[in-house]
>>> print(open('entry24.pdb').read())   # PDB, C-alpha atoms
ATOM      1  CA  MET A   1      16.606 -69.898  84.496
ATOM      2  CA  THR A   2      16.769 -70.973  88.122
ATOM      3  CA  GLY A   3      16.056 -68.710  91.045
ATOM      4  CA  SER A   4      19.761 -68.587  91.961
ATOM      5  CA  GLU A   5      20.762 -67.145  88.587
ATOM      6  CA  ALA A   6      20.807 -63.374  88.322
ATOM      7  CA  SER A   7      18.990 -61.729  85.437
ATOM      8  CA  PRO A   8      21.399 -60.311  82.842
ATOM      9  CA  GLN A   9      21.926 -56.567  82.774
ATOM     10  CA  PHE A  10      24.413 -54.185  81.182
ATOM     11  CA  ARG A  11      26.049 -51.360  83.156
ATOM     12  CA  LEU A  12      27.299 -48.472  81.036
ATOM     13  CA  ALA A  13      29.455 -45.696  82.493
ATOM     14  CA  TYR A  14      29.779 -42.276  80.863
ATOM     15  CA  VAL A  15      31.806 -39.163  81.591
ATOM     16  CA  PRO A  16      30.453 -35.580  81.716
ATOM     17  CA  GLY A  17      29.601 -34.142  78.307
ATOM     18  CA  VAL A  18      28.893 -37.486  76.649
ATOM     19  CA  THR A  19      25.232 -38.061  75.740
ATOM     20  CA  PRO A  20      24.544 -41.805  75.407
ATOM     21  CA  ALA A  21      20.788 -41.465  74.765
ATOM     22  CA  LYS A  22      20.935 -42.554  71.101
ATOM     23  CA  TRP A  23      22.781 -45.790  71.848
ATOM     24  CA  VAL A  24      20.633 -46.508  74.894
ATOM     25  CA  ARG A  25      17.490 -46.227  72.762
ATOM     26  CA  ILE A  26      18.859 -48.663  70.179
ATOM     27  CA  TRP A  27      19.852 -51.102  72.922
ATOM     28  CA  GLN A  28      16.389 -51.010  74.480
ATOM     29  CA  GLU A  29      14.767 -51.681  71.103
ATOM     30  CA  ARG A  30      17.173 -54.476  70.214
ATOM     31  CA  PHE A  31      17.648 -56.140  73.609
ATOM     32  CA  PRO A  32      14.463 -55.466  75.603
ATOM     33  CA  ALA A  33      15.146 -58.415  77.913
ATOM     34  CA  VAL A  34      18.484 -56.979  79.097
ATOM     35  CA  PRO A  35      18.121 -53.785  81.185
ATOM     36  CA  LEU A  36      20.789 -51.124  80.646
ATOM     37  CA  GLU A  37      21.908 -49.164  83.693
ATOM     38  CA  LEU A  38      23.660 -45.816  83.201
ATOM     39  CA  VAL A  39      26.445 -44.809  85.595
ATOM     40  CA  ALA A  40      27.595 -41.160  85.530
ATOM     41  CA  VAL A  41      31.214 -40.863  86.637
ATOM     42  CA  PRO A  42      33.885 -38.114  86.579
ATOM     43  CA  SER A  43      36.470 -38.418  83.811
ATOM     44  CA  ALA A  44      39.273 -39.036  86.291
ATOM     45  CA  GLU A  45      37.449 -41.991  87.878
ATOM     46  CA  VAL A  46      35.993 -43.866  84.919
ATOM     47  CA  THR A  47      39.003 -46.105  84.211
ATOM     48  CA  GLY A  48      39.153 -47.187  87.848
ATOM     49  CA  LEU A  49      35.454 -48.029  87.762
ATOM     50  CA  LEU A  50      35.962 -50.209  84.676
ATOM     51  CA  ARG A  51      38.949 -51.999  86.205
ATOM     52  CA  ASP A  52      36.968 -52.701  89.380
ATOM     53  CA  ARG A  53      34.107 -54.138  87.252
ATOM     54  CA  GLY A  54      31.795 -51.364  88.399
ATOM     55  CA  ALA A  55      30.597 -51.157  84.794
ATOM     56  CA  ASP A  56      30.718 -53.474  81.789
ATOM     57  CA  ALA A  57      31.846 -50.688  79.464
ATOM     58  CA  GLY A  58      32.033 -46.911  79.444
ATOM     59  CA  PHE A  59      32.334 -43.798  77.322
ATOM     60  CA  VAL A  60      35.688 -42.253  78.199
ATOM     61  CA  ARG A  61      37.963 -39.483  76.991
ATOM     62  CA  LEU A  62      41.257 -40.558  75.470
ATOM     63  CA  PRO A  63      44.002 -41.284  76.259
ATOM     64  CA  VAL A  64      43.277 -44.284  78.478
ATOM     65  CA  ASP A  65      46.122 -45.211  80.806
ATOM     66  CA  GLY A  66      47.361 -48.788  80.857
ATOM     67  CA  THR A  67      47.111 -51.712  78.451
ATOM     68  CA  ASP A  68      44.394 -53.658  80.258
ATOM     69  CA  LEU A  69      41.566 -51.574  78.781
ATOM     70  CA  SER A  70      40.389 -51.831  75.190
ATOM     71  CA  ALA A  71      39.095 -48.679  73.495
ATOM     72  CA  ILE A  72      37.308 -47.863  70.257
ATOM     73  CA  PRO A  73      37.549 -44.145  69.294
ATOM     74  CA  LEU A  74      34.127 -42.790  68.323
ATOM     75  CA  TYR A  75      34.422 -39.069  67.602
ATOM     76  CA  THR A  76      36.538 -35.954  68.174
ATOM     77  CA  GLU A  77      35.109 -32.823  69.775
ATOM     78  CA  THR A  78      35.604 -29.181  68.896
ATOM     79  CA  THR A  79      37.521 -27.231  71.539
ATOM     80  CA  VAL A  80      36.039 -23.888  72.596
ATOM     81  CA  VAL A  81      36.835 -21.004  74.918
ATOM     82  CA  VAL A  82      34.099 -19.989  77.369
ATOM     83  CA  VAL A  83      33.767 -16.228  77.881
ATOM     84  CA  PRO A  84      31.265 -13.696  79.282
ATOM     85  CA  LYS A  85      28.801 -12.480  76.653
ATOM     86  CA  ASP A  86      30.205  -8.947  76.831
ATOM     87  CA  HIS A  87      33.801 -10.103  76.265
ATOM     88  CA  ALA A  88      35.647  -9.055  73.088
ATOM     89  CA  VAL A  89      35.995 -12.713  72.039
ATOM     90  CA  ALA A  90      32.201 -12.941  71.769
ATOM     91  CA  ALA A  91      32.323 -10.559  68.792
ATOM     92  CA  VAL A  92      34.338 -12.946  66.559
ATOM     93  CA  GLU A  93      33.550 -16.351  65.041
ATOM     94  CA  GLU A  94      36.704 -18.144  66.218
ATOM     95  CA  VAL A  95      39.996 -17.452  67.980
ATOM     96  CA  SER A  96      43.500 -18.901  68.300
ATOM     97  CA  THR A  97      45.566 -19.551  71.391
ATOM     98  CA  GLY A  98      47.691 -16.512  70.484
ATOM     99  CA  ASP A  99      44.617 -14.302  70.829
ATOM    100  CA  LEU A 100      44.346 -15.398  74.468
ATOM    101  CA  ALA A 101      47.958 -14.679  75.444
ATOM    102  CA  ASP A 102      47.024 -11.809  77.774
ATOM    103  CA  GLU A 103      43.960 -13.509  79.271
ATOM    104  CA  VAL A 104      43.786 -15.409  82.561
ATOM    105  CA  LEU A 105      42.817 -18.979  81.661
ATOM    106  CA  PHE A 106      41.616 -21.477  84.211
ATOM    107  CA  HIS A 107      43.068 -24.972  84.107
ATOM    108  CA  PRO A 108      40.815 -27.062  86.407
ATOM    109  CA  LEU A 109      42.088 -30.237  88.045
ATOM    110  CA  ASP A 110      39.614 -32.312  86.012
ATOM    111  CA  ASP A 111      40.724 -30.779  82.707
ATOM    112  CA  THR A 112      40.234 -33.253  79.842
ATOM    113  CA  LEU A 113      42.542 -31.604  77.296
ATOM    114  CA  ASP A 114      46.089 -32.859  76.843
ATOM    115  CA  TRP A 115      47.957 -29.549  76.949
ATOM    116  CA  GLU A 116      51.679 -29.420  76.393
ATOM    117  CA  ARG A 117      51.498 -25.901  77.790
ATOM    118  CA  PRO A 118      48.156 -24.215  78.514
ATOM    119  CA  PRO A 119      47.726 -20.838  76.775
ATOM    120  CA  GLY A 120      47.214 -17.456  78.443
ATOM    121  CA  ARG A 121      48.249 -16.469  81.953
ATOM    122  CA  PRO A 122      47.684 -19.067  84.691
ATOM    123  CA  ALA A 123      45.277 -18.320  87.492
ATOM    124  CA  ILE A 124      46.541 -18.081  91.063
ATOM    125  CA  GLU A 125      44.814 -21.359  91.914
ATOM    126  CA  ARG A 126      43.507 -24.201  89.808
ATOM    127  CA  PRO A 127      39.758 -24.766  90.281
ATOM    128  CA  ALA A 128      38.856 -28.235  91.509
ATOM    129  CA  THR A 129      36.289 -28.888  88.773
ATOM    130  CA  THR A 130      35.137 -27.560  85.422
ATOM    131  CA  ALA A 131      31.880 -26.474  87.062
ATOM    132  CA  ASP A 132      33.860 -24.338  89.539
ATOM    133  CA  ALA A 133      35.847 -22.795  86.673
ATOM    134  CA  VAL A 134      32.635 -21.876  84.837
ATOM    135  CA  GLU A 135      31.450 -20.008  87.928
ATOM    136  CA  LEU A 136      34.688 -18.026  87.971
ATOM    137  CA  VAL A 137      34.305 -17.164  84.274
ATOM    138  CA  ALA A 138      30.810 -15.864  85.021
ATOM    139  CA  ALA A 139      32.331 -13.706  87.767
ATOM    140  CA  GLY A 140      34.627 -12.097  85.184
ATOM    141  CA  VAL A 141      37.835 -13.444  86.717
ATOM    142  CA  GLY A 142      39.143 -15.331  83.679
ATOM    143  CA  LEU A 143      38.350 -17.631  80.737
ATOM    144  CA  LEU A 144      38.086 -21.387  80.308
ATOM    145  CA  VAL A 145      38.978 -23.761  77.450
ATOM    146  CA  VAL A 146      36.977 -26.998  77.275
ATOM    147  CA  PRO A 147      35.478 -29.496  74.795
ATOM    148  CA  GLN A 148      32.274 -28.094  73.300
ATOM    149  CA  SER A 149      30.073 -30.693  75.030
ATOM    150  CA  LEU A 150      31.238 -29.465  78.438
ATOM    151  CA  ALA A 151      30.510 -25.864  77.460
ATOM    152  CA  ARG A 152      26.978 -26.971  76.604
ATOM    153  CA  LEU A 153      26.674 -29.026  79.772
ATOM    154  CA  HIS A 154      27.553 -26.017  81.961
ATOM    155  CA  HIS A 155      25.680 -23.471  79.856
ATOM    156  CA  ARG A 156      24.700 -20.174  81.455
ATOM    157  CA  ARG A 157      22.719 -17.303  79.963
ATOM    158  CA  ASP A 158      25.472 -14.818  80.775
ATOM    159  CA  LEU A 159      28.192 -16.890  79.052
ATOM    160  CA  THR A 160      28.967 -17.944  75.490
ATOM    161  CA  TYR A 161      31.785 -19.780  73.727
ATOM    162  CA  ARG A 162      33.806 -19.668  70.507
ATOM    163  CA  PRO A 163      35.914 -22.343  68.713
ATOM    164  CA  LEU A 164      39.616 -22.336  69.561
ATOM    165  CA  VAL A 165      41.197 -23.442  66.303
ATOM    166  CA  ASP A 166      44.707 -24.506  67.363
ATOM    167  CA  ALA A 167      43.976 -26.154  70.727
ATOM    168  CA  PRO A 168      44.182 -29.865  71.575
ATOM    169  CA  GLN A 169      40.948 -31.757  70.957
ATOM    170  CA  SER A 170      39.175 -34.314  73.110
ATOM    171  CA  ARG A 171      38.452 -37.755  71.645
ATOM    172  CA  VAL A 172      35.601 -39.837  73.028
ATOM    173  CA  ALA A 173      35.886 -43.624  72.987
ATOM    174  CA  LEU A 174      34.051 -46.726  74.158
ATOM    175  CA  SER A 175      36.259 -48.644  76.599
ATOM    176  CA  TRP A 176      36.036 -51.888  78.581
ATOM    177  CA  PRO A 177      38.385 -54.320  80.386
ATOM    178  CA  GLU A 178      40.193 -56.368  77.773
ATOM    179  CA  ASP A 179      39.805 -59.598  79.745
ATOM    180  CA  ALA A 180      36.060 -59.026  80.167
ATOM    181  CA  THR A 181      34.917 -58.856  76.559
ATOM    182  CA  THR A 182      31.593 -60.565  77.202
ATOM    183  CA  ASP A 183      28.779 -61.258  74.746
ATOM    184  CA  LEU A 184      26.936 -58.199  76.084
ATOM    185  CA  VAL A 185      29.993 -56.022  75.478
ATOM    186  CA  GLU A 186      30.185 -57.349  71.920
ATOM    187  CA  ASP A 187      26.499 -56.556  71.496
ATOM    188  CA  PHE A 188      27.019 -52.965  72.653
ATOM    189  CA  ILE A 189      30.044 -52.573  70.375
ATOM    190  CA  GLY A 190      27.727 -53.557  67.534
ATOM    191  CA  VAL A 191      25.252 -50.876  68.620
ATOM    192  CA  VAL A 192      27.777 -48.021  68.702
ATOM    193  CA  ARG A 193      29.338 -49.129  65.415
ATOM    194  CA  GLY A 194      25.968 -49.147  63.707
ATOM    195  CA  ARG A 195      25.769 -52.845  62.946
ATOM    196  CA  THR A 196      22.376 -54.139  61.902
ATOM    197  CA  VAL A 197      20.428 -56.740  63.855
ATOM    198  CA  ASN A 198      21.376 -59.490  61.392
ATOM    199  CA  SER A 199      25.039 -58.515  61.128
ATOM    200  CA  THR A 200      27.328 -61.538  60.991
ATOM    201  CA  ARG A 201      29.735 -59.795  63.391
ATOM    202  CA  GLY A 202      27.120 -59.376  66.106
ATOM    203  CA  ARG A 203      24.864 -61.797  67.951
ATOM    204  CA  ARG A 204      21.258 -61.747  66.869
ATOM    205  CA  PRO A 205      19.012 -60.821  69.804
ATOM    206  CA  ASP A 206      16.829 -63.653  71.123
ATOM    207  CA  ALA A 207      13.683 -61.594  70.642
ATOM    208  CA  THR A 208      14.543 -60.984  67.009
ATOM    209  CA  ALA A 209      15.387 -64.625  66.449
ATOM    210  CA  GLN A 210      12.081 -65.764  67.931
ATOM    211  CA  ALA A 211      10.131 -63.280  65.858
ATOM    212  CA  LYS A 212      11.866 -64.487  62.723
ATOM    213  CA  GLU A 213      11.216 -68.136  63.565
ATOM    214  CA  GLN A 214       7.525 -67.457  64.227
ATOM    215  CA  ARG A 215       7.031 -65.451  61.046
ATOM    216  CA  PRO A 216       4.855 -67.441  58.554
ATOM    217  CA  ASP A 217       6.436 -68.625  55.334
ATOM    218  CA  ALA A 218       5.164 -66.200  52.696
ATOM    219  CA  GLY A 219       5.959 -68.699  49.934
ATOM    220  CA  ALA A 220       3.988 -71.423  51.636
ATOM    221  CA  ALA A 221       1.058 -69.071  52.093
ATOM    222  CA  ARG A 222       1.066 -68.328  48.387
ATOM    223  CA  ARG A 223       1.255 -72.017  47.469
ATOM    224  CA  LYS A 224      -1.624 -73.076  49.737
ATOM    225  CA  PRO A 225      -4.880 -73.409  47.670
ATOM    226  CA  ALA A 226      -7.852 -71.255  48.543
ATOM    227  CA  ALA A 227     -10.676 -72.873  50.514
ATOM    228  CA  GLY A 228     -13.178 -72.585  47.649
ATOM    229  CA  LYS A 229     -10.861 -74.156  45.120
ATOM    230  CA  ALA A 230      -9.992 -76.984  47.468
ATOM    231  CA  ALA A 231     -13.700 -77.780  48.039
ATOM    232  CA  GLY A 232     -14.349 -77.695  44.300
ATOM    233  CA  LYS A 233     -11.583 -80.142  43.566
ATOM    234  CA  THR A 234     -12.850 -82.473  46.305
ATOM    235  CA  ALA A 235     -16.374 -82.424  44.867
ATOM    236  CA  GLN A 236     -15.016 -83.044  41.386
ATOM    237  CA  LYS A 237     -13.175 -86.153  42.514
ATOM    238  CA  ALA A 238     -16.232 -87.471  44.385
ATOM    239  CA  GLY A 239     -18.610 -86.990  41.420
ATOM    240  CA  GLY A 240     -16.218 -88.230  38.773
ATOM    241  CA  GLY A 241     -16.325 -84.976  36.836
ATOM    242  CA  ARG A 242     -16.234 -81.235  37.140
ATOM    243  CA  ALA A 243     -18.227 -79.814  39.994
ATOM    244  CA  GLY A 244     -20.958 -77.460  38.916
ATOM    245  CA  GLY A 245     -19.856 -77.695  35.250
ATOM    246  CA  LYS A 246     -20.822 -79.752  32.245
ATOM    247  CA  SER A 247     -21.395 -83.454  32.707
ATOM    248  CA  PRO A 248     -19.154 -85.960  30.989
ATOM    249  CA  ARG A 249     -20.037 -86.769  27.417
ATOM    250  CA  GLY A 250     -21.806 -90.043  28.240
ATOM    251  CA  ALA A 251     -23.972 -88.519  30.900
ATOM    252  CA  SER A 252     -24.756 -85.605  28.694
ATOM    253  CA  GLY A 253     -25.922 -87.877  25.842
ATOM    254  CA  GLY A 254     -28.174 -89.932  28.109
ATOM    255  CA  ALA A 255     -29.850 -86.912  29.522
ATOM    256  CA  LYS A 256     -30.388 -85.471  26.073
ATOM    257  CA  GLY A 257     -31.872 -88.680  24.711
ATOM    258  CA  GLY A 258     -34.242 -89.087  27.651
ATOM    259  CA  ALA A 259     -35.512 -85.591  27.236
ATOM    260  CA  SER A 260     -36.176 -86.245  23.538
ATOM    261  CA  ARG A 261     -38.233 -89.379  24.119
ATOM    262  CA  GLY A 262     -40.148 -88.555  27.255
ATOM    263  CA  GLY A 263     -40.267 -84.830  27.074
ATOM    264  CA  LYS A 264     -41.495 -82.692  24.185
ATOM    265  CA  GLN A 265     -43.843 -84.537  21.652
ATOM    266  CA  GLY A 266     -44.836 -83.619  18.065
ATOM    267  CA  LYS A 267     -48.416 -82.797  16.940
ATOM    268  CA  PRO A 268     -50.598 -85.800  15.682
ATOM    269  CA  ARG A 269     -50.969 -86.036  11.969
ATOM    270  CA  ARG A 270     -54.488 -85.395  10.622
ATOM    271  CA  ARG A 271     -55.956 -88.262   8.644
ATOM    272  CA  SER A 272     -57.377 -87.492   5.265
TER     273      SER A 272
END
>>> encode(input="entry24.pdb", output="structure tokens")
Amino acid sequence: MTGSEASPQFRLAYVPGVTPAKWVRIWQERFPAVPLELVAVPSAEVTGLLRDRGADAGFVRLPVDGTDLSAIPLYTETTVVVVPKDHAVAAVEEVSTGDLADEVLFHPLDDTLDWERPPGRPAIERPATTADAVELVAAGVGLLVVPQSLARLHHRRDLTYRPLVDAPQSRVALSWPEDATTDLVEDFIGVVRGRTVNSTRGRRPDATAQAKEQRPDAGAARRKPAAGKAAGKTAQKAGGGRAGGKSPRGASGGAKGGASRGGKQGKPRRRS
């Protein structure tokens, strides 16, 4: 790589409530040479950021406007109603929109739910953000309906929440510009879809490829003779027979005969 070439990196946008930590960890393990930069962005601004190439991809809430962005739905969230802990709703396990007909419900400008008609009685003014609406709920002015992840994000000790069974639900998706489906985007798609490192649909990371190429051949290691055996065979070839074993038959006979003639002798016979 020359000095004029920029090092590769991957910019990932995410909207409030989405926790990308699991996918970031997998990316860092699988692609350690490619830094991943997280970009937190409001839900209303994430599609504009992607179109302006401010991020390579992003976690968004559906629907996504326009046809120039690709999207892969990942999961659907439970919708909940946020209430003060001493509210009557806190005493039940779940509620319906009909149960909230007489309640003031805030509908913030950054609301992520696709309501045909919001339940309850509308507030005099719409809060600018979900965070502002949570503050008003804590003040006892009204209630708020949000995806469960946003209720957790803005958690307060004096508030709680309960599932709202018949409300619209928020779907989280991975999105990116359709005309910018780069190799890195494909790699991240593989991460969120749970593809393995050696998946045929994903590119194998360079680090993994190098590790696999440098791994010794286990079969070759098993076939390679041990050092002791190799030395023994070499000695056997040099001496014309087995090393350290019995001599060939001819050599054995000669040695035996020599020992018989020049070695042990019998006692002399006594003359009469």
>>> resolve_selection(input="entry24.pdb", expression="the PyMOL selection byres ((chain A and resi 90) around 12)", output="number ranges by chain")
A: 80-89, 91-95, 143, 158-163
>>> resolve_selection(input="entry24.pdb", expression="the PyMOL selection byres ((chain A and resi 111) around 9)", output="PyMOL selection string")
chain A and resi 43+107-110+112-114+129-130+145-146
>>> closest_atom_pairs(input="entry24.pdb", of="stretch 34-53 of chain A", to="stretch 182-195 of chain A", cutoff="12 Å", atoms="only C-alpha atoms", output="Markdown table")
| residue | atom | partner | partner_atom | distance |
| --- | --- | --- | --- | --- |
| A:Val34 | CA | A:Leu184 | CA | 9.1 |
| A:Pro35 | CA | A:Leu184 | CA | 11.1 |
| A:Leu36 | CA | A:Phe188 | CA | 10.3 |
>>> residues_around(input="entry24.pdb", residues="stretch 169-180 of chain A", least_positions_apart="4", cutoff="7 Å", atoms="only C-alpha atoms", output="PyMOL selection string")
chain A and resi 50-51+56-62+68-79+112-113+147
>>> resolve_selection(input="entry24.pdb", expression="the PyMOL selection byres ((chain A and resi 17-33) around 6)", output="PyMOL selection string")
chain A and resi 15-16+34+149-150
>>> build_atoms(input="entry24.pdb", residues="stretch 111-122 of chain A", atoms="all heavy atoms", output="short mmCIF file (atom, residue, chain, number, x, y, z; two decimals), keeping the file's coordinate frame")
data_model
loop_
_atom_site.label_atom_id
_atom_site.label_comp_id
_atom_site.auth_asym_id
_atom_site.auth_seq_id
_atom_site.Cartn_x
_atom_site.Cartn_y
_atom_site.Cartn_z
N ASP A 111 40.59 -31.16 84.11
CA ASP A 111 40.72 -30.78 82.71
C ASP A 111 40.91 -32.02 81.84
O ASP A 111 41.67 -32.93 82.17
CB ASP A 111 41.92 -29.84 82.53
CG ASP A 111 42.06 -29.32 81.11
OD1 ASP A 111 41.05 -29.32 80.38
OD2 ASP A 111 43.17 -28.91 80.73
N THR A 112 40.20 -32.08 80.71
CA THR A 112 40.23 -33.25 79.84
C THR A 112 41.11 -33.05 78.60
O THR A 112 41.22 -33.96 77.79
CB THR A 112 38.80 -33.60 79.38
OG1 THR A 112 38.26 -32.49 78.66
CG2 THR A 112 37.90 -33.91 80.57
N LEU A 113 41.72 -31.89 78.47
CA LEU A 113 42.54 -31.60 77.30
C LEU A 113 44.02 -31.87 77.61
O LEU A 113 44.50 -31.55 78.69
CB LEU A 113 42.35 -30.15 76.86
CG LEU A 113 40.93 -29.78 76.44
CD1 LEU A 113 40.82 -28.28 76.17
CD2 LEU A 113 40.50 -30.58 75.20
N ASP A 114 44.69 -32.48 76.65
CA ASP A 114 46.09 -32.86 76.84
C ASP A 114 47.00 -31.71 76.39
O ASP A 114 47.52 -31.71 75.29
CB ASP A 114 46.37 -34.14 76.05
CG ASP A 114 47.74 -34.72 76.36
OD1 ASP A 114 48.32 -34.34 77.40
OD2 ASP A 114 48.25 -35.52 75.56
N TRP A 115 47.15 -30.71 77.28
CA TRP A 115 47.96 -29.55 76.95
C TRP A 115 49.44 -29.85 77.13
O TRP A 115 49.85 -30.43 78.14
CB TRP A 115 47.61 -28.37 77.85
CG TRP A 115 46.24 -27.79 77.67
CD1 TRP A 115 45.14 -28.00 78.44
CD2 TRP A 115 45.84 -26.89 76.63
NE1 TRP A 115 44.07 -27.28 77.97
CE2 TRP A 115 44.47 -26.59 76.85
CE3 TRP A 115 46.50 -26.29 75.55
CZ2 TRP A 115 43.75 -25.73 76.04
CZ3 TRP A 115 45.79 -25.44 74.74
CH2 TRP A 115 44.44 -25.17 74.97
N GLU A 116 50.23 -29.43 76.17
CA GLU A 116 51.68 -29.42 76.39
C GLU A 116 52.03 -28.22 77.26
O GLU A 116 52.85 -28.30 78.18
CB GLU A 116 52.43 -29.35 75.06
CG GLU A 116 53.93 -29.40 75.20
CD GLU A 116 54.64 -29.41 73.86
OE1 GLU A 116 53.99 -29.68 72.82
OE2 GLU A 116 55.86 -29.14 73.84
N ARG A 117 51.40 -27.11 76.96
CA ARG A 117 51.50 -25.90 77.79
C ARG A 117 50.22 -25.11 77.60
O ARG A 117 49.94 -24.63 76.50
CB ARG A 117 52.71 -25.05 77.38
CG ARG A 117 52.89 -23.79 78.23
CD ARG A 117 54.12 -23.01 77.80
NE ARG A 117 54.30 -21.83 78.62
CZ ARG A 117 53.68 -20.67 78.43
NH1 ARG A 117 52.81 -20.55 77.43
NH2 ARG A 117 53.93 -19.65 79.23
N PRO A 118 49.42 -24.95 78.66
CA PRO A 118 48.16 -24.22 78.51
C PRO A 118 48.41 -22.78 78.09
O PRO A 118 49.40 -22.16 78.49
CB PRO A 118 47.57 -24.28 79.93
CG PRO A 118 48.20 -25.46 80.57
CD PRO A 118 49.59 -25.52 80.00
N PRO A 119 47.54 -22.22 77.24
CA PRO A 119 47.73 -20.84 76.78
C PRO A 119 47.34 -19.83 77.85
O PRO A 119 46.81 -20.19 78.91
CB PRO A 119 46.78 -20.75 75.59
CG PRO A 119 45.67 -21.70 75.93
CD PRO A 119 46.33 -22.83 76.67
N GLY A 120 47.61 -18.54 77.55
CA GLY A 120 47.21 -17.46 78.44
C GLY A 120 48.04 -17.40 79.71
O GLY A 120 49.07 -18.07 79.86
N ARG A 121 47.59 -16.61 80.65
CA ARG A 121 48.25 -16.47 81.95
C ARG A 121 47.56 -17.39 82.96
O ARG A 121 46.33 -17.42 83.03
CB ARG A 121 48.18 -15.01 82.42
CG ARG A 121 48.96 -14.07 81.51
CD ARG A 121 49.00 -12.64 82.05
NE ARG A 121 47.68 -12.02 82.06
CZ ARG A 121 47.08 -11.55 83.15
NH1 ARG A 121 47.64 -11.69 84.34
NH2 ARG A 121 45.89 -10.96 83.06
N PRO A 122 48.31 -18.14 83.74
CA PRO A 122 47.68 -19.07 84.69
C PRO A 122 47.02 -18.32 85.83
O PRO A 122 47.46 -17.24 86.24
CB PRO A 122 48.87 -19.90 85.19
CG PRO A 122 50.06 -19.01 85.01
CD PRO A 122 49.78 -18.20 83.77
#
